[in-house]
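Chemist: Structure supplied as upload_0.cif; contents: mmCIF, C-alpha atoms.
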data_entry
loop_
_atom_site.group_PDB
_atom_site.id
_atom_site.type_symbol
_atom_site.label_atom_id
_atom_site.label_comp_id
_atom_site.auth_asym_id
_atom_site.auth_seq_id
_atom_site.Cartn_x
_atom_site.Cartn_y
_atom_site.Cartn_z
ATOM 1 C CA GLU A 163 0.000 0.000 0.000
ATOM 2 C CA ARG A 164 2.886 2.401 0.610
ATOM 3 C CA TYR A 165 4.022 2.066 -2.999
ATOM 4 C CA ARG A 166 0.487 2.715 -4.228
ATOM 5 C CA ARG A 167 0.315 5.875 -2.097
ATOM 6 C CA PHE A 168 3.772 6.871 -3.325
ATOM 7 C CA CYS A 169 2.577 6.581 -6.964
ATOM 8 C CA VAL A 170 -0.370 8.886 -6.201
ATOM 9 C CA GLY A 171 1.930 11.420 -4.518
ATOM 10 C CA ARG A 172 4.524 11.264 -7.283
ATOM 11 C CA ALA A 173 1.854 11.920 -9.933
ATOM 12 C CA ARG A 174 0.488 14.858 -7.930
ATOM 13 C CA GLY A 175 4.002 16.234 -7.553
ATOM 14 C CA LEU A 176 4.628 15.960 -11.286
ATOM 15 C CA GLY A 177 1.368 17.757 -12.089
ATOM 16 C CA ASP A 178 0.289 17.619 -15.730
ATOM 17 C CA PHE A 179 2.842 15.516 -17.554
ATOM 18 C CA ASP A 180 3.357 13.711 -20.833
ATOM 19 C CA ALA A 181 3.530 10.031 -19.853
ATOM 20 C CA THR A 182 5.625 9.235 -22.929
ATOM 21 C CA ALA A 183 8.347 11.638 -21.705
ATOM 22 C CA LEU A 184 8.778 10.238 -18.174
ATOM 23 C CA PRO A 185 12.286 9.564 -16.845
ATOM 24 C CA ALA A 186 13.815 6.342 -15.564
ATOM 25 C CA ALA A 187 13.014 5.790 -11.877
ATOM 26 C CA THR A 188 13.053 3.313 -9.016
ATOM 27 C CA ALA A 189 11.082 3.392 -5.766
ATOM 28 C CA ILE A 190 12.313 1.005 -3.066
ATOM 29 C CA GLY A 191 11.256 0.683 0.545
ATOM 30 C CA ARG A 192 13.516 0.530 3.556
ATOM 31 C CA CYS A 193 13.773 -2.534 5.804
ATOM 32 C CA ASP A 194 14.451 -0.693 9.036
ATOM 33 C CA ASP A 195 12.338 1.383 11.395
ATOM 34 C CA ASP A 196 13.632 4.712 10.074
ATOM 35 C CA ARG A 197 10.615 6.556 8.663
ATOM 36 C CA THR A 198 12.690 8.756 6.389
ATOM 37 C CA ILE A 199 12.102 9.175 2.673
ATOM 38 C CA GLN A 200 15.192 9.626 0.541
ATOM 39 C CA VAL A 201 14.903 11.029 -2.965
ATOM 40 C CA TYR A 202 17.725 11.554 -5.394
ATOM 41 C CA TRP A 203 17.652 12.476 -9.043
ATOM 42 C CA LEU A 204 19.668 13.723 -11.970
ATOM 43 C CA ALA A 205 18.529 16.830 -13.776
ATOM 44 C CA ALA A 206 19.710 18.319 -17.049
ATOM 45 C CA ARG A 207 18.897 21.180 -19.374
ATOM 46 C CA THR A 208 18.418 18.770 -22.279
ATOM 47 C CA PRO A 209 15.969 15.901 -21.787
ATOM 48 C CA GLY A 210 16.922 12.300 -22.263
ATOM 49 C CA ILE A 211 15.009 9.806 -24.381
ATOM 50 C CA PRO A 212 12.693 7.373 -22.573
ATOM 51 C CA VAL A 213 13.052 3.703 -23.505
ATOM 52 C CA GLU A 214 10.395 1.040 -22.983
ATOM 53 C CA ASN A 215 10.723 -2.746 -22.830
ATOM 54 C CA PRO A 216 8.709 -4.566 -25.536
ATOM 55 C CA ARG A 217 8.108 -7.462 -23.082
ATOM 56 C CA GLN A 218 6.392 -5.184 -20.584
ATOM 57 C CA VAL A 219 3.401 -2.883 -20.510
ATOM 58 C CA SER A 220 4.639 0.661 -19.947
ATOM 59 C CA ALA A 221 4.318 1.273 -16.202
ATOM 60 C CA TYR A 222 2.213 4.387 -16.794
ATOM 61 C CA ARG A 223 -0.338 2.125 -18.567
ATOM 62 C CA TYR A 224 -0.724 -0.443 -15.788
ATOM 63 C CA PRO A 225 -4.336 -1.473 -15.078
ATOM 64 C CA ARG A 226 -6.149 -0.318 -11.908
ATOM 65 C CA GLN A 227 -5.451 -3.608 -10.114
ATOM 66 C CA TYR A 228 -2.047 -2.119 -9.204
ATOM 67 C CA GLY A 229 -3.487 0.991 -7.623
ATOM 68 C CA PRO A 230 -5.444 4.170 -8.299
ATOM 69 C CA GLN A 231 -2.480 5.821 -10.059
ATOM 70 C CA PRO A 232 -0.126 3.875 -12.339
ATOM 71 C CA PRO A 233 3.595 4.316 -11.678
ATOM 72 C CA SER A 234 5.111 7.303 -13.479
ATOM 73 C CA PHE A 235 8.394 6.167 -15.014
ATOM 74 C CA ALA A 236 10.034 4.872 -18.189
ATOM 75 C CA ARG A 237 11.888 1.546 -18.154
ATOM 76 C CA ALA A 238 15.152 3.323 -19.044
ATOM 77 C CA MET A 239 16.461 6.698 -20.164
ATOM 78 C CA LEU A 240 18.979 7.312 -22.923
ATOM 79 C CA PRO A 241 21.065 10.443 -22.370
ATOM 80 C CA PRO A 242 20.724 13.314 -24.833
ATOM 81 C CA SER A 243 22.692 12.973 -28.064
ATOM 82 C CA GLY A 244 26.359 13.775 -27.581
ATOM 83 C CA SER A 245 26.303 13.102 -23.830
ATOM 84 C CA THR A 246 28.790 10.809 -22.119
ATOM 85 C CA MET A 247 26.170 9.756 -19.558
ATOM 86 C CA PRO A 248 25.273 6.051 -19.500
ATOM 87 C CA LEU A 249 21.858 4.528 -20.109
ATOM 88 C CA LEU A 250 19.840 4.898 -16.876
ATOM 89 C CA LEU A 251 18.052 1.660 -15.940
ATOM 90 C CA SER A 252 14.832 1.788 -13.917
ATOM 91 C CA GLY A 253 13.999 -0.813 -11.321
ATOM 92 C CA THR A 254 13.467 -4.023 -13.285
ATOM 93 C CA ALA A 255 11.980 -7.263 -12.031
ATOM 94 C CA ALA A 256 10.314 -10.479 -13.206
ATOM 95 C CA VAL A 257 7.326 -8.745 -14.789
ATOM 96 C CA VAL A 258 6.051 -9.737 -18.236
ATOM 97 C CA GLY A 259 3.234 -7.657 -19.661
ATOM 98 C CA HIS A 260 2.108 -6.240 -16.331
ATOM 99 C CA ALA A 261 2.069 -9.496 -14.351
ATOM 100 C CA SER A 262 4.667 -10.723 -11.892
ATOM 101 C CA GLN A 263 6.228 -14.043 -12.878
ATOM 102 C CA HIS A 264 7.591 -17.049 -10.938
ATOM 103 C CA ASP A 265 6.036 -16.341 -7.533
ATOM 104 C CA GLY A 266 8.109 -18.108 -4.873
ATOM 105 C CA GLU A 267 10.939 -18.976 -7.300
ATOM 106 C CA LEU A 268 13.816 -16.610 -6.538
ATOM 107 C CA LEU A 269 16.279 -17.807 -9.188
ATOM 108 C CA ALA A 270 13.589 -17.983 -11.880
ATOM 109 C CA GLN A 271 12.679 -14.376 -11.043
ATOM 110 C CA LEU A 272 16.322 -13.367 -11.316
ATOM 111 C CA GLU A 273 16.598 -15.071 -14.709
ATOM 112 C CA GLU A 274 13.381 -13.391 -15.942
ATOM 113 C CA THR A 275 14.744 -10.036 -14.787
ATOM 114 C CA PHE A 276 17.831 -10.478 -16.949
ATOM 115 C CA VAL A 277 15.681 -11.548 -19.925
ATOM 116 C CA ASN A 278 13.875 -8.222 -19.418
ATOM 117 C CA PHE A 279 17.201 -6.388 -19.362
ATOM 118 C CA ASP A 280 18.264 -8.081 -22.617
ATOM 119 C CA ALA A 281 15.050 -6.867 -24.288
ATOM 120 C CA LEU A 282 15.455 -3.397 -22.778
ATOM 121 C CA LEU A 283 19.063 -3.104 -23.986
ATOM 122 C CA ALA A 284 17.971 -4.158 -27.481
ATOM 123 C CA SER A 285 15.371 -1.359 -27.444
ATOM 124 C CA ALA A 286 17.894 1.165 -26.155
ATOM 125 C CA ARG A 287 20.374 0.169 -28.865
ATOM 126 C CA LEU A 288 17.817 1.223 -31.490
ATOM 127 C CA GLY A 289 18.345 4.771 -30.205
ATOM 128 C CA ASN A 290 22.073 4.342 -29.507
ATOM 129 C CA PRO A 291 23.702 1.478 -31.434
ATOM 130 C CA SER A 292 27.030 2.092 -29.686
ATOM 131 C CA LEU A 293 25.664 0.778 -26.373
ATOM 132 C CA PRO A 294 27.148 -2.608 -25.509
ATOM 133 C CA GLU A 295 24.693 -5.467 -26.153
ATOM 134 C CA ARG A 296 25.388 -7.075 -22.775
ATOM 135 C CA PHE A 297 26.221 -5.938 -19.261
ATOM 136 C CA GLY A 298 29.940 -5.529 -18.645
ATOM 137 C CA ALA A 299 32.571 -3.243 -17.160
ATOM 138 C CA GLY A 300 30.548 -0.102 -18.054
ATOM 139 C CA THR A 301 27.538 -1.360 -16.106
ATOM 140 C CA ARG A 302 26.796 -0.656 -12.446
ATOM 141 C CA LEU A 303 23.899 -2.495 -10.795
ATOM 142 C CA LYS A 304 21.994 -2.070 -7.553
ATOM 143 C CA VAL A 305 20.298 -5.341 -6.666
ATOM 144 C CA TYR A 306 17.430 -5.113 -4.180
ATOM 145 C CA VAL A 307 16.506 -8.357 -2.404
ATOM 146 C CA ARG A 308 13.276 -8.661 -0.389
ATOM 147 C CA ASP A 309 14.270 -11.443 2.036
ATOM 148 C CA PHE A 310 17.510 -11.011 3.954
ATOM 149 C CA ASP A 311 18.188 -14.766 3.828
ATOM 150 C CA ASP A 312 18.136 -14.617 0.005
ATOM 151 C CA LEU A 313 21.023 -12.144 -0.258
ATOM 152 C CA SER A 314 23.670 -14.891 -0.342
ATOM 153 C CA ILE A 315 21.726 -16.892 -2.959
ATOM 154 C CA VAL A 316 21.421 -13.842 -5.217
ATOM 155 C CA ALA A 317 25.095 -12.970 -4.668
ATOM 156 C CA ALA A 318 26.155 -16.499 -5.679
ATOM 157 C CA ASP A 319 23.995 -16.378 -8.819
ATOM 158 C CA LEU A 320 25.414 -12.990 -9.831
ATOM 159 C CA ASP A 321 28.961 -14.220 -9.184
ATOM 160 C CA ALA A 322 28.320 -17.211 -11.476
ATOM 161 C CA ARG A 323 26.620 -15.009 -14.085
ATOM 162 C CA PHE A 324 29.077 -12.099 -14.176
ATOM 163 C CA GLY A 325 32.149 -12.902 -12.092
ATOM 164 C CA ASP A 326 33.832 -9.582 -11.406
ATOM 165 C CA ARG A 327 32.949 -8.106 -14.850
ATOM 166 C CA VAL A 328 29.847 -6.234 -13.614
ATOM 167 C CA PRO A 329 30.184 -4.114 -10.469
ATOM 168 C CA ARG A 330 27.141 -4.393 -8.227
ATOM 169 C CA LEU A 331 25.762 -3.611 -4.823
ATOM 170 C CA LEU A 332 23.277 -5.912 -3.063
ATOM 171 C CA LEU A 333 20.771 -4.338 -0.695
ATOM 172 C CA HIS A 334 18.051 -5.714 1.560
ATOM 173 C CA ALA A 335 14.953 -3.748 0.543
ATOM 174 C CA ALA A 336 11.163 -3.713 0.330
ATOM 175 C CA ILE A 337 10.080 -4.174 -3.279
ATOM 176 C CA CYS A 338 6.819 -2.746 -4.667
ATOM 177 C CA ARG A 339 4.990 -6.078 -5.087
ATOM 178 C CA ARG A 340 4.950 -8.661 -2.315
ATOM 179 C CA GLU A 341 5.468 -11.570 -4.741
ATOM 180 C CA LEU A 342 8.641 -10.078 -6.241
ATOM 181 C CA ALA A 343 11.814 -11.262 -4.532
ATOM 182 C CA VAL A 344 14.352 -9.176 -6.437
ATOM 183 C CA GLU A 345 14.529 -5.897 -8.378
ATOM 184 C CA ILE A 346 17.555 -4.359 -10.107
ATOM 185 C CA ASP A 347 18.372 -0.881 -11.364
ATOM 186 C CA GLY A 348 21.579 0.811 -12.461
ATOM 187 C CA VAL A 349 23.455 2.358 -15.351
ATOM 188 C CA HIS A 350 24.895 0.851 -18.520
ATOM 189 C CA GLY A 351 27.446 2.218 -20.936
ATOM 190 C CA ALA A 352 30.734 1.593 -22.677
#
Turn this file's structure into structure tokens for me.
Modeler:
Amino acid sequence: ERYRRFCVGRARGLGDFDATALPAATAIGRCDDDRTIQVYWLAARTPGIPVENPRQVSAYRYPRQYGPQPPSFARAMLPPSGSTMPLLLSGTAAVVGHASQHDGELLAQLEETFVNFDALLASARLGNPSLPERFGAGTRLKVYVRDFDDLSIVAADLDARFGDRVPRLLLHAAICRRELAVEIDGVHGA
């Protein structure tokens, strides 16, 4: 319910907006008793280019079952032409269409998340063909894990998947949907 209320507040804060021009974003809950909200963002004079994932319904078009106000974000954001900024990756999870996948199957959710990233990178490369096709040294990931006891399982999977080629940070966090065990955001570039 907190995420649903957050989506309502975010939309009110944005005021009238063009949903097709929304930025990349992630909203993650804390797993401690600190009732502090932290917000950080990047701003620029020249807007970036929103990127959507063809495997997923755009978040701003989610049906009412997910709350009175759909989330207001793009799946990724390409920097303006000529910028050295990387591709900004929104929080990505095991969602296909608008439905969560693999409830109760942590590693299947992690795999589905990376299938989503592959599709998202392919879409982003249409706007910037110089982006690497796969995650590598120019990628930085923040991996949010719902259950503390799953942190070591996710870490082992990422070690097997990437070794030390992809820098990452694992965090214990509250994810927007109860059935989702993991969500990942970050940046990707050369």
Chemist: Measuring between all atoms listed in the file, which one of A:Asp265, A:Gly191, A:Gln231, A:Ala286 shows the shortest distance to Ile211 of chain A?
Modeler: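 Of the candidates, the smallest distance to Ile211 of chain A is held by A:Ala286.
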Chemist: Could you name the residues that touch segment 200-206 of chain A at 10 Å or less, counting all atoms listed in the file, but leaving out those on the same chain fewer than 6 positions away, as a list in words?
Modeler: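 The contact residues come out as Pro185, Ala186, Ala187, Thr188, Ala189, Ile190, Gly191, Arg192, Pro241 and Pro242 of chain A.
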Chemist: Measuring between all atoms listed in the file, which one of A:Val305, A:Val213, A:Val257, A:Leu342 shows the shortest distance to Leu240 of chain A?
Modeler: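 Nearest to Leu240 of chain A: A:Val213.
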Chemist: Calculated over all atoms listed in the file, which of the candidates A:Ile337, A:Ile199, A:Ala181, A:Met239 has the smallest distance to Arg223 of chain A?
Modeler: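 Among A:Ile337, A:Ile199, A:Ala181, A:Met239, it is A:Ala181 that comes nearest to Arg223 of chain A.
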Chemist: Could you give me, as number ranges by chain, the residues within 12 Å of Gln263 of chain A, counting all atoms listed in the file and dropping anything in the same chain fewer than 3 positions from it?
Modeler: A: 218, 255-260, 266-275, 278, 339-344
Chemist: Which one of A:Cys193, A:Pro216, A:Arg226, A:Ala281 sits closest to Tyr306 of chain A if you count only C-alpha atoms?
Modeler: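 Among A:Cys193, A:Pro216, A:Arg226, A:Ala281, it is A:Cys193 that comes nearest to Tyr306 of chain A.
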Chemist: Can you work out which one of A:Ala318, A:Val277, A:Leu333, A:Ala299 has the shortest atom-to-atom distance to Thr254 of chain A, counting only C-alpha atoms?
Modeler: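 Residue with the minimum atom-to-atom distance to Thr254 of chain A: A:Val277.
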Chemist: Work out how far atom CA of Arg296 of chain A is from atom CA of His350 of chain A, in Å to one decimal.
Modeler: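 Atom CA of Arg296 of chain A lies at a distance of 9.0 Å from atom CA of His350 of chain A.
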Chemist: For the provided coordinates, the residues matched by the PyMOL selection byres ((chain A and resi 180) around 12) should be stated as a ChimeraX atom specification.
Modeler: /A:173,176-179,181-185,212,222,234-236
Chemist: Need the axis-aligned box for segment 334-352 of chain A with 4 Å each side, so what are the centre and edges in Å to one decimal, as JSON?
Modeler:
{"center_x": 17.8, "center_y": -4.6, "center_z": -10.6, "size_x": 33.8, "size_y": 21.9, "size_z": 32.2}
Chemist: Determine the residue membership of the PyMOL selection byres ((chain A and resi 332) around 12) for the file above and supply it as a ChimeraX atom specification.
Modeler: /A:302-310,312-321,329-331,333-335,344-348
